[in-house]
file query-v1.cif (mmCIF, C-alpha atoms and all ligand atoms)
data_input
loop_
_atom_site.label_atom_id
_atom_site.label_comp_id
_atom_site.auth_asym_id
_atom_site.auth_seq_id
_atom_site.Cartn_x
_atom_site.Cartn_y
_atom_site.Cartn_z
CA MET A 25 -3.88 -3.92 2.64
CA MET A 26 -2.30 -1.18 4.76
CA SER A 27 -3.30 -1.63 8.39
CA GLN A 28 -4.18 1.41 10.45
CA THR A 29 -6.51 1.77 13.40
CA ILE A 30 -9.96 2.93 12.31
CA GLU A 31 -12.21 4.76 14.77
CA LYS A 32 -15.66 3.22 15.39
CA VAL A 33 -17.48 6.04 13.62
CA LEU A 34 -20.08 3.72 12.02
CA GLN A 35 -21.00 1.80 15.17
CA GLY A 36 -24.28 -0.10 14.77
CA GLN A 37 -24.90 1.03 11.19
CA ARG A 38 -25.63 -1.43 8.39
CA ALA A 39 -23.78 -1.19 5.10
CA LEU A 40 -24.07 -2.94 1.75
CA VAL A 41 -21.02 -2.94 -0.52
CA THR A 42 -21.58 -4.12 -4.10
CA GLY A 43 -18.73 -5.93 -5.79
CA GLY A 44 -17.39 -6.32 -2.27
CA SER A 45 -15.43 -9.56 -2.62
CA SER A 46 -12.37 -8.09 -4.34
CA GLY A 47 -10.21 -5.01 -4.75
CA ILE A 48 -11.60 -1.67 -3.62
CA GLY A 49 -14.95 -3.12 -2.50
CA ALA A 50 -13.23 -5.64 -0.22
CA ALA A 51 -11.14 -2.89 1.37
CA ILE A 52 -14.22 -0.74 1.92
CA ALA A 53 -16.15 -3.67 3.43
CA TYR A 54 -13.27 -4.41 5.80
CA ALA A 55 -12.73 -0.75 6.74
CA MET A 56 -16.45 -0.19 7.41
CA ALA A 57 -16.62 -3.35 9.53
CA MET A 58 -13.61 -2.16 11.55
CA ALA A 59 -15.44 1.17 11.98
CA GLY A 60 -18.28 -0.74 13.67
CA ALA A 61 -20.73 -1.30 10.79
CA LYS A 62 -22.38 -4.60 9.95
CA VAL A 63 -21.41 -5.20 6.35
CA ALA A 64 -23.21 -7.11 3.61
CA ILE A 65 -20.69 -8.12 0.96
CA ASN A 66 -22.31 -8.46 -2.44
CA TYR A 67 -20.53 -10.67 -4.96
CA LEU A 68 -21.27 -11.80 -8.49
CA SER A 69 -19.66 -15.24 -8.71
CA ASP A 70 -16.68 -15.65 -6.36
CA SER A 71 -18.47 -16.99 -3.29
CA SER A 72 -15.27 -18.28 -1.67
CA ALA A 73 -13.60 -14.84 -1.84
CA ALA A 74 -16.71 -13.28 -0.31
CA GLN A 75 -16.85 -15.95 2.42
CA ASN A 76 -13.13 -15.53 3.16
CA LEU A 77 -13.69 -11.82 3.70
CA VAL A 78 -16.68 -12.52 5.96
CA ASN A 79 -14.44 -14.85 7.99
CA LYS A 80 -11.64 -12.26 8.14
CA ILE A 81 -14.04 -9.59 9.39
CA LYS A 82 -15.55 -11.93 11.97
CA GLY A 83 -12.05 -12.96 13.05
CA ALA A 84 -11.28 -9.29 13.68
CA GLY A 85 -14.42 -8.92 15.82
CA GLY A 86 -16.75 -7.48 13.17
CA GLU A 87 -20.04 -8.59 11.68
CA ALA A 88 -20.57 -9.44 8.01
CA LEU A 89 -22.49 -11.59 5.57
CA ALA A 90 -21.99 -12.50 1.92
CA ILE A 91 -24.79 -12.11 -0.61
CA GLN A 92 -24.83 -13.05 -4.28
CA ALA A 93 -26.53 -10.83 -6.86
CA ASP A 94 -25.93 -9.51 -10.35
CA ILE A 95 -26.47 -5.82 -9.68
CA SER A 96 -27.46 -5.14 -13.29
CA GLN A 97 -30.62 -7.26 -12.85
CA GLU A 98 -33.63 -5.54 -11.30
CA GLN A 99 -35.16 -8.57 -9.58
CA ALA A 100 -31.81 -9.73 -8.21
CA VAL A 101 -31.18 -6.28 -6.71
CA GLU A 102 -34.63 -6.15 -5.12
CA ASN A 103 -34.14 -9.62 -3.63
CA MET A 104 -30.72 -8.69 -2.27
CA PHE A 105 -31.99 -5.57 -0.50
CA GLN A 106 -34.98 -7.45 0.91
CA SER A 107 -32.72 -10.13 2.27
CA VAL A 108 -30.26 -7.71 3.93
CA ILE A 109 -33.07 -5.57 5.38
CA GLN A 110 -34.83 -8.65 6.74
CA THR A 111 -31.62 -9.83 8.38
CA TRP A 112 -30.57 -6.53 9.97
CA ASP A 113 -33.94 -4.65 10.09
CA SER A 114 -32.73 -1.86 7.83
CA LEU A 115 -29.81 -0.37 5.93
CA ASP A 116 -27.89 2.86 6.58
CA ILE A 117 -25.13 2.90 3.95
CA LEU A 118 -24.90 1.80 0.32
CA VAL A 119 -21.53 1.67 -1.39
CA ALA A 120 -22.37 1.15 -5.06
CA ASN A 121 -18.92 -0.08 -6.00
CA ALA A 122 -19.32 -2.89 -8.55
CA GLY A 123 -17.91 -1.97 -11.93
CA ILE A 124 -16.32 -3.48 -15.02
CA GLN A 125 -14.18 -2.58 -18.00
CA GLN A 126 -14.54 -4.09 -21.47
CA ASP A 127 -11.99 -2.21 -23.51
CA ALA A 128 -11.78 -1.91 -27.29
CA ALA A 129 -10.68 0.53 -29.95
CA PHE A 130 -13.76 2.57 -30.85
CA THR A 131 -14.32 1.08 -34.29
CA GLU A 132 -13.92 -2.43 -32.88
CA MET A 133 -16.22 -1.93 -29.90
CA THR A 134 -19.26 -4.17 -30.05
CA LEU A 135 -22.73 -3.15 -28.98
CA GLU A 136 -22.51 -5.94 -26.42
CA GLN A 137 -19.37 -4.39 -24.86
CA TRP A 138 -21.04 -0.98 -24.80
CA ASN A 139 -24.30 -2.29 -23.28
CA LYS A 140 -22.59 -4.52 -20.71
CA VAL A 141 -20.45 -1.74 -19.26
CA LEU A 142 -23.37 0.68 -19.11
CA ALA A 143 -25.60 -2.02 -17.55
CA VAL A 144 -23.21 -2.69 -14.67
CA ASN A 145 -21.56 0.70 -14.15
CA LEU A 146 -24.60 2.93 -14.58
CA THR A 147 -27.88 0.96 -14.53
CA GLY A 148 -26.57 -1.15 -11.64
CA GLN A 149 -25.95 2.03 -9.64
CA PHE A 150 -29.49 3.21 -10.41
CA LEU A 151 -31.07 -0.08 -9.34
CA CYS A 152 -29.12 -0.27 -6.07
CA ALA A 153 -29.50 3.41 -5.17
CA ARG A 154 -33.26 3.24 -5.80
CA GLU A 155 -33.68 0.36 -3.34
CA ALA A 156 -31.46 2.13 -0.79
CA VAL A 157 -33.38 5.42 -1.01
CA ARG A 158 -36.70 3.57 -0.68
CA GLU A 159 -35.47 1.98 2.54
CA PHE A 160 -33.93 5.21 3.91
CA LEU A 161 -37.24 7.02 3.37
CA ARG A 162 -39.26 4.18 4.90
CA ARG A 163 -37.14 4.25 8.07
CA GLY A 164 -36.17 7.93 8.41
CA VAL A 165 -33.52 9.29 10.74
CA VAL A 166 -32.52 7.25 13.79
CA PRO A 167 -30.53 9.83 15.80
CA GLU A 168 -28.72 7.22 17.93
CA LEU A 169 -27.14 5.84 14.73
CA SER A 170 -26.61 8.85 12.47
CA CYS A 171 -27.94 12.34 11.86
CA THR A 172 -28.90 11.28 8.32
CA ALA A 173 -31.56 8.89 7.07
CA GLY A 174 -28.89 7.24 4.90
CA LYS A 175 -25.75 7.63 2.85
CA ILE A 176 -24.92 6.51 -0.68
CA ILE A 177 -21.41 6.40 -2.07
CA CYS A 178 -21.16 5.95 -5.84
CA MET A 179 -17.83 4.46 -6.90
CA SER A 180 -16.83 6.43 -9.94
CA SER A 181 -13.35 7.01 -11.43
CA VAL A 182 -11.02 9.83 -12.42
CA HIS A 183 -12.41 8.96 -15.86
CA ASP A 184 -15.59 10.80 -14.95
CA VAL A 185 -13.53 13.88 -15.88
CA ILE A 186 -10.41 12.56 -17.69
CA PRO A 187 -11.21 11.34 -21.21
CA TRP A 188 -9.90 7.81 -21.90
CA ALA A 189 -9.22 6.67 -25.45
CA GLY A 190 -9.87 2.99 -26.01
CA HIS A 191 -12.32 2.93 -23.12
CA VAL A 192 -15.21 5.11 -24.33
CA ASN A 193 -17.85 2.81 -22.81
CA TYR A 194 -16.17 2.95 -19.38
CA ALA A 195 -15.54 6.72 -19.45
CA ALA A 196 -19.11 7.36 -20.65
CA SER A 197 -20.49 5.22 -17.81
CA LYS A 198 -18.46 7.08 -15.19
CA GLY A 199 -19.20 10.49 -16.70
CA GLY A 200 -22.90 9.58 -16.62
CA LEU A 201 -22.52 8.47 -13.03
CA LEU A 202 -21.24 11.92 -12.05
CA MET A 203 -24.53 13.57 -13.07
CA PHE A 204 -26.55 10.63 -11.73
CA MET A 205 -24.92 11.18 -8.33
CA LYS A 206 -25.39 14.96 -8.35
CA SER A 207 -29.00 14.84 -9.55
CA LEU A 208 -29.94 12.22 -6.97
CA ALA A 209 -28.15 14.18 -4.24
CA GLN A 210 -30.17 17.26 -5.20
CA GLU A 211 -33.43 15.27 -5.19
CA VAL A 212 -33.08 13.65 -1.76
CA ALA A 213 -31.02 16.12 0.32
CA HIS A 214 -34.14 17.59 1.97
CA GLN A 215 -34.98 14.05 3.09
CA LYS A 216 -31.69 13.89 5.01
CA ILE A 217 -30.04 11.48 2.57
CA ARG A 218 -26.49 12.22 1.46
CA VAL A 219 -25.20 11.02 -1.92
CA ASN A 220 -21.54 11.42 -2.87
CA GLY A 221 -19.00 9.94 -5.23
CA ILE A 222 -15.49 8.63 -4.80
CA SER A 223 -13.31 8.79 -7.88
CA PRO A 224 -10.20 6.66 -7.47
CA GLY A 225 -7.10 7.17 -9.56
CA ALA A 226 -4.93 4.10 -10.15
CA ILE A 227 -5.47 1.62 -7.33
CA ARG A 228 -3.68 -1.74 -7.24
CA THR A 229 -6.59 -4.16 -7.93
CA PRO A 230 -7.52 -6.89 -10.44
CA ILE A 231 -9.37 -4.47 -12.77
CA ASN A 232 -6.14 -2.72 -13.86
CA ARG A 233 -3.52 -5.43 -13.26
CA THR A 234 -1.77 -4.85 -16.59
CA ALA A 235 -1.14 -1.21 -15.65
CA TRP A 236 1.03 -2.10 -12.62
CA GLU A 237 2.08 -5.76 -12.70
CA THR A 238 5.51 -5.29 -14.32
CA PRO A 239 8.10 -2.69 -13.22
CA GLU A 240 7.98 -1.16 -16.74
CA ALA A 241 4.21 -0.80 -16.64
CA GLU A 242 4.32 0.68 -13.14
CA ALA A 243 7.01 3.22 -14.19
CA GLU A 244 4.76 4.35 -17.07
CA LEU A 245 1.80 4.60 -14.71
CA LEU A 246 3.75 6.70 -12.19
CA LYS A 247 4.24 9.38 -14.86
CA LEU A 248 0.52 10.05 -14.45
CA ILE A 249 0.59 10.20 -10.63
CA PRO A 250 2.19 13.32 -9.07
CA TYR A 251 2.22 11.69 -5.62
CA GLN A 252 4.43 8.94 -7.08
CA ARG A 253 2.80 5.81 -5.75
CA VAL A 254 0.08 3.50 -7.02
CA GLY A 255 -2.93 3.62 -4.71
CA ASP A 256 -3.74 0.95 -2.14
CA PRO A 257 -7.37 -0.25 -1.82
CA MET A 258 -7.33 0.94 1.80
CA ASP A 259 -6.75 4.50 0.57
CA ILE A 260 -10.31 4.22 -0.74
CA GLY A 261 -11.52 2.21 2.28
CA ARG A 262 -10.58 4.97 4.71
CA ALA A 263 -12.09 7.69 2.48
CA ALA A 264 -15.35 5.72 2.24
CA VAL A 265 -15.60 5.34 6.04
CA TRP A 266 -15.23 9.08 6.46
CA LEU A 267 -17.71 9.89 3.69
CA ALA A 268 -20.28 7.54 5.25
CA SER A 269 -19.80 8.90 8.76
CA ASP A 270 -21.37 11.92 10.44
CA ALA A 271 -17.91 13.57 10.32
CA SER A 272 -18.75 14.48 6.71
CA ASP A 273 -22.35 15.43 7.50
CA TYR A 274 -22.49 18.67 5.48
CA ILE A 275 -21.15 17.03 2.32
CA THR A 276 -23.54 15.93 -0.38
CA GLY A 277 -23.40 15.90 -4.18
CA THR A 278 -19.61 16.02 -4.12
CA THR A 279 -16.94 13.78 -5.59
CA LEU A 280 -13.86 12.99 -3.57
CA TYR A 281 -10.93 12.39 -5.95
CA VAL A 282 -8.64 9.89 -4.22
CA ASP A 283 -6.00 9.80 -6.91
CA GLY A 284 -2.55 10.95 -5.75
CA GLY A 285 -3.07 14.00 -7.95
CA MET A 286 -3.90 12.20 -11.20
CA THR A 287 -6.53 14.83 -12.01
CA LEU A 288 -3.93 17.64 -11.67
CA TYR A 289 -2.83 17.34 -15.34
CA PRO A 290 0.71 16.21 -14.39
CA GLY A 291 1.99 16.79 -17.96
CA PHE A 292 1.70 20.52 -17.29
CA ARG A 293 4.30 20.41 -14.50
CA GLU A 294 7.02 20.70 -17.12
CA GLY A 295 5.05 21.19 -20.32
CA GLY A 296 2.42 23.74 -21.23
P1 LIG A 301 -12.41 -5.39 -9.18
O1 LIG A 301 -12.51 -5.98 -10.52
O2 LIG A 301 -11.63 -6.09 -8.13
O3 LIG A 301 -13.84 -5.08 -8.57
C1 LIG A 301 -15.03 -5.02 -9.29
C2 LIG A 301 -16.03 -5.90 -8.57
O4 LIG A 301 -17.33 -5.74 -9.16
C3 LIG A 301 -15.66 -7.40 -8.67
O5 LIG A 301 -15.77 -7.98 -7.39
C4 LIG A 301 -16.72 -7.95 -9.61
O6 LIG A 301 -17.04 -9.30 -9.37
C5 LIG A 301 -17.89 -7.04 -9.28
N1 LIG A 301 -18.92 -7.06 -10.32
C6 LIG A 301 -18.75 -6.93 -11.65
N2 LIG A 301 -19.93 -7.06 -12.28
C7 LIG A 301 -20.87 -7.26 -11.31
C8 LIG A 301 -22.26 -7.46 -11.33
N3 LIG A 301 -22.95 -7.47 -12.48
N4 LIG A 301 -22.89 -7.65 -10.15
C9 LIG A 301 -22.22 -7.65 -8.99
N5 LIG A 301 -20.89 -7.43 -8.90
C10 LIG A 301 -20.22 -7.25 -10.06
O7 LIG A 301 -11.80 -3.93 -9.42
P2 LIG A 301 -11.79 -2.65 -8.46
O8 LIG A 301 -10.64 -1.83 -8.89
O9 LIG A 301 -11.88 -3.02 -7.03
O10 LIG A 301 -13.11 -1.89 -8.93
C11 LIG A 301 -14.10 -1.43 -8.04
C12 LIG A 301 -14.69 -0.15 -8.55
O11 LIG A 301 -13.70 0.88 -8.54
C13 LIG A 301 -15.22 -0.21 -10.00
O12 LIG A 301 -16.44 0.51 -10.09
C14 LIG A 301 -14.14 0.49 -10.79
O13 LIG A 301 -14.63 1.08 -11.97
C15 LIG A 301 -13.69 1.54 -9.78
N6 LIG A 301 -12.35 2.09 -10.04
C16 LIG A 301 -11.22 1.34 -9.88
C17 LIG A 301 -9.98 1.92 -10.11
C18 LIG A 301 -8.69 1.18 -9.92
O14 LIG A 301 -7.64 1.76 -10.22
N7 LIG A 301 -8.68 -0.05 -9.46
C19 LIG A 301 -9.90 3.24 -10.53
C20 LIG A 301 -11.07 3.97 -10.70
C21 LIG A 301 -12.28 3.39 -10.45
#
call {"tool": "encode", "arguments": {"input": "query-v1.cif", "output": "C-alpha cells"}}
result
Amino acid sequence: MMSQTIEKVLQGQRALVTGGSSGIGAAIAYAMAMAGAKVAINYLSDSSAAQNLVNKIKGAGGEALAIQADISQEQAVENMFQSVIQTWDSLDILVANAGIQQDAAFTEMTLEQWNKVLAVNLTGQFLCAREAVREFLRRGVVPELSCTAGKIICMSSVHDVIPWAGHVNYAASKGGLLMFMKSLAQEVAHQKIRVNGISPGAIRTPINRTAWETPEAEAELLKLIPYQRVGDPMDIGRAAVWLASDASDYITGTTLYVDGGMTLYPGFREGG
C-alpha cells in the first residue's frame, strides 16, 4: 500500500467495511482508521487476514475489530450490525465493499453463478444499507462528530457503465447498484444521510489477479488506462475517506470514478 499522511477527518466516527480483510476493503479500513475512525472489518472466511489488519491498525495507534458475516444472509447482517452498534454505541459510516466475480461465457453461465453474484453484489448491499439507515435514523445527527446522520459508500465498478462481455452477471449487479445507490440517496437525503458510490477501474487486488500478474497481461491492461498505471488499493482508500468526511458534505447520489481514465473510452484517442 502507498503510504501518505491522512488527516484525522473522521475522528471519533465508527465505520463498518464489508469484505474488509483483503484488497480494496482492507485499504479503506486502514485509511479510515488512520483518519481517526473506529473500524469494524467484516470478513467472510479469512479470520487471520482480518485479525492481522486489526493488529496493524492497532499498532499504528488506531482502533479496529474483526467481525465475521456472510453479507448476503439477512440474519447474519442483522447480527453483525447489532454487535458493532452494541460495542461502539452506534455507527456513522458504512462502506458496502464486499463483492465477487463468477465469470462465464453467456451460454455457459449457470443460474447458480448468476444468483450468487447478484446475492453478494446487490442483495448484500441492500441488506447492509438497510441496517445502516435504520441506525442512522435512530440516532440522528451528532454535530460534534459529523454534520450528517450517516454516510454510505457503495463499492461499484467502472462496469456500472462499461459493458463487460463474459461477465454479464457482474456488470448487471454493478449497473443495478448504480440505481440502487441513486434511489436510496434520493429517499434519505432529507434525513441528512448521504449515499454515494465509488467505481474503481483496475486496482491491483486478488479479484483481478490474472489481469495484472504477468508483464504481458499488465501491458494489455494498460491499453485501457489512459493514466498508464494499474490502481493501488490506497487510491480507493483515500477517496473513501474523503467521501465519508464532512469535506464532501454537499455530495450525495454521485459516483466517483477512481479509474485512471478507464471510463474515457481510450480507444477513441487514436481511433474514432
Ligand atoms: P477482493 O476479492 O480482495 O475483495 C472482495 C472481498 O469481499 C473479499 O474480502 C471477500 O472475502 C469478500 N466477500 C465476498 N463474498 C462475501 C460475502 N458473502 N460476505 C462477506 N464478504 C464477502 O477484491 P477487491 O478488488 O478488493 O474487491 C472489492 C470490491 O471492489 C468488490 O465489490 C469489487 O467488485 C470492487 N471492484 C474491484 C476492482 C478491482 O480492480 N480490484 C474494480 C472495480 C470494482
call {"tool": "atom_distance", "arguments": {"input": "query-v1.cif", "atom1": "atom O7 of ligand LIG 301 (chain A)", "atom2": "CA of Asp127 (chain A)"}}
result
14.2 Å
call {"tool": "residues_near_ligand", "arguments": {"input": "query-v1.cif", "ligand": "ligand LIG 301 (chain A)", "cutoff": "7 Å", "atoms": "only C-alpha atoms and all ligand atoms", "output": "NGL selection string"}}
result
:A and (42-49 or 66-69 or 93-96 or 121-124 or 144-145 or 179-182 or 223-232)
call {"tool": "atom_distance", "arguments": {"input": "query-v1.cif", "atom1": "CA of Tyr289 (chain A)", "atom2": "CA of Pro257 (chain A)"}}
result
22.6 Å
call {"tool": "closest_residue", "arguments": {"input": "query-v1.cif", "among": "A:Val166, A:Leu40, A:Leu246, A:Ala51", "to": "Lys216 (chain A)", "atoms": "all atoms listed in the file"}}
result
A:Val166
call {"tool": "closest_residue", "arguments": {"input": "query-v1.cif", "among": "A:Asn139, A:His183, A:Lys206, A:Ala213", "to": "Leu161 (chain A)", "atoms": "all atoms listed in the file"}}
result
A:Ala213
call {"tool": "residues_around", "arguments": {"input": "query-v1.cif", "residues": "Thr147 (chain A)", "least_positions_apart": "4", "cutoff": "12 Å", "atoms": "all atoms listed in the file", "output": "list in words"}}
result
Asp94, Ile95, Ser96, Gln97, Glu98, Val101, Ala120, Ala122, Gly123, Asn139, Lys140, Val141, Leu142, Ala143, Leu151, Cys152, Ala153, Arg154, Ser197, Lys198, Gly200, Leu201 and Phe204 of chain A
call {"tool": "closest_residue", "arguments": {"input": "query-v1.cif", "among": "A:Gln149, A:Gln125, A:Gln92, A:Gln215", "to": "Trp188 (chain A)", "atoms": "all atoms listed in the file"}}
result
A:Gln125
call {"tool": "closest_residue", "arguments": {"input": "query-v1.cif", "among": "A:Ser207, A:Ser114, A:Ser272, A:Thr279", "to": "Ala39 (chain A)", "atoms": "only C-alpha atoms"}}
result
A:Ser114
call {"tool": "closest_atom_pairs", "arguments": {"input": "query-v1.cif", "of": "region 49-144 of chain A", "to": "region 261-269 of chain A", "cutoff": "8 Å", "atoms": "all atoms listed in the file", "output": "CSV"}}
result
residue,atom,partner,partner_atom,distance
A:Gly49,CA,A:Gly261,CA,7.9
A:Ala51,CA,A:Gly261,CA,5.2
A:Ile52,CA,A:Gly261,CA,4.0
A:Ala53,CA,A:Gly261,CA,7.6
A:Tyr54,CA,A:Gly261,CA,7.7
A:Ala55,CA,A:Gly261,CA,5.5
A:Met56,CA,A:Val265,CA,5.8
A:Ala59,CA,A:Val265,CA,7.3
A:Ile117,CA,A:Ala268,CA,6.8
call {"tool": "residues_around", "arguments": {"input": "query-v1.cif", "residues": "Gln106 (chain A)", "least_positions_apart": "4", "cutoff": "12 Å", "atoms": "all atoms listed in the file", "output": "PDB file with C-alpha atoms, in the frame of the given file"}}
result
ATOM      1  CA  LEU A  40     -24.070  -2.940   1.750  1.00  0.00           C
ATOM      2  CA  ILE A  91     -24.790 -12.110  -0.610  1.00  0.00           C
ATOM      3  CA  ALA A  93     -26.530 -10.830  -6.860  1.00  0.00           C
ATOM      4  CA  GLN A  99     -35.160  -8.570  -9.580  1.00  0.00           C
ATOM      5  CA  ALA A 100     -31.810  -9.730  -8.210  1.00  0.00           C
ATOM      6  CA  VAL A 101     -31.180  -6.280  -6.710  1.00  0.00           C
ATOM      7  CA  GLU A 102     -34.630  -6.150  -5.120  1.00  0.00           C
ATOM      8  CA  GLN A 110     -34.830  -8.650   6.740  1.00  0.00           C
ATOM      9  CA  THR A 111     -31.620  -9.830   8.380  1.00  0.00           C
ATOM     10  CA  TRP A 112     -30.570  -6.530   9.970  1.00  0.00           C
ATOM     11  CA  ASP A 113     -33.940  -4.650  10.090  1.00  0.00           C
ATOM     12  CA  SER A 114     -32.730  -1.860   7.830  1.00  0.00           C
ATOM     13  CA  LEU A 115     -29.810  -0.370   5.930  1.00  0.00           C
ATOM     14  CA  CYS A 152     -29.120  -0.270  -6.070  1.00  0.00           C
ATOM     15  CA  GLU A 155     -33.680   0.360  -3.340  1.00  0.00           C
ATOM     16  CA  ALA A 156     -31.460   2.130  -0.790  1.00  0.00           C
ATOM     17  CA  ARG A 158     -36.700   3.570  -0.680  1.00  0.00           C
ATOM     18  CA  GLU A 159     -35.470   1.980   2.540  1.00  0.00           C
TER      19      GLU A 159
END
call {"tool": "atom_distance", "arguments": {"input": "query-v1.cif", "atom1": "CA of Ser170 (chain A)", "atom2": "CA of Leu34 (chain A)"}}
result
8.3 Å
call {"tool": "residues_around", "arguments": {"input": "query-v1.cif", "residues": "Trp138 (chain A)", "least_positions_apart": "3", "cutoff": "9 Å", "atoms": "all atoms listed in the file", "output": "list in words"}}
result
Gln126, Met133, Thr134, Leu135, Val141, Leu142, Ala143, Val192, Asn193 and Tyr194 of chain A
call {"tool": "residues_near_point", "arguments": {"input": "query-v1.cif", "point": "(-0.6, 8.3, -5.7)", "cutoff": "12 Å", "atoms": "all atoms listed in the file", "output": "PyMOL selection string"}}
result
chain A and resi 224-228+242+245-257+259-260+281-288+290
call {"tool": "residues_around", "arguments": {"input": "query-v1.cif", "residues": "Thr172 (chain A)", "least_positions_apart": "4", "cutoff": "9 Å", "atoms": "only C-alpha atoms", "output": "ChimeraX atom specification"}}
result
/A:116,164-167,215-218,270,273
call {"tool": "write_last_selection", "arguments": {"input": "query-v1.cif", "atoms": "C-alpha atoms", "output": "PDB file, in the coordinates of the input"}}
result
ATOM      1  CA  ASP A 116     -27.890   2.860   6.580  1.00  0.00           C
ATOM      2  CA  GLY A 164     -36.170   7.930   8.410  1.00  0.00           C
ATOM      3  CA  VAL A 165     -33.520   9.290  10.740  1.00  0.00           C
ATOM      4  CA  VAL A 166     -32.520   7.250  13.790  1.00  0.00           C
ATOM      5  CA  PRO A 167     -30.530   9.830  15.800  1.00  0.00           C
ATOM      6  CA  GLN A 215     -34.980  14.050   3.090  1.00  0.00           C
ATOM      7  CA  LYS A 216     -31.690  13.890   5.010  1.00  0.00           C
ATOM      8  CA  ILE A 217     -30.040  11.480   2.570  1.00  0.00           C
ATOM      9  CA  ARG A 218     -26.490  12.220   1.460  1.00  0.00           C
ATOM     10  CA  ASP A 270     -21.370  11.920  10.440  1.00  0.00           C
ATOM     11  CA  ASP A 273     -22.350  15.430   7.500  1.00  0.00           C
TER      12      ASP A 273
END
call {"tool": "axis_aligned_box", "arguments": {"input": "query-v1.cif", "around": "region 239-258 of chain A", "padding_each_side": "4 Å", "output": "lines of an AutoDock Vina configuration file"}}
result
center_x = 0.4
center_y = 5.3
center_z = -7.6
size_x = 23.5
size_y = 24.0
size_z = 26.9
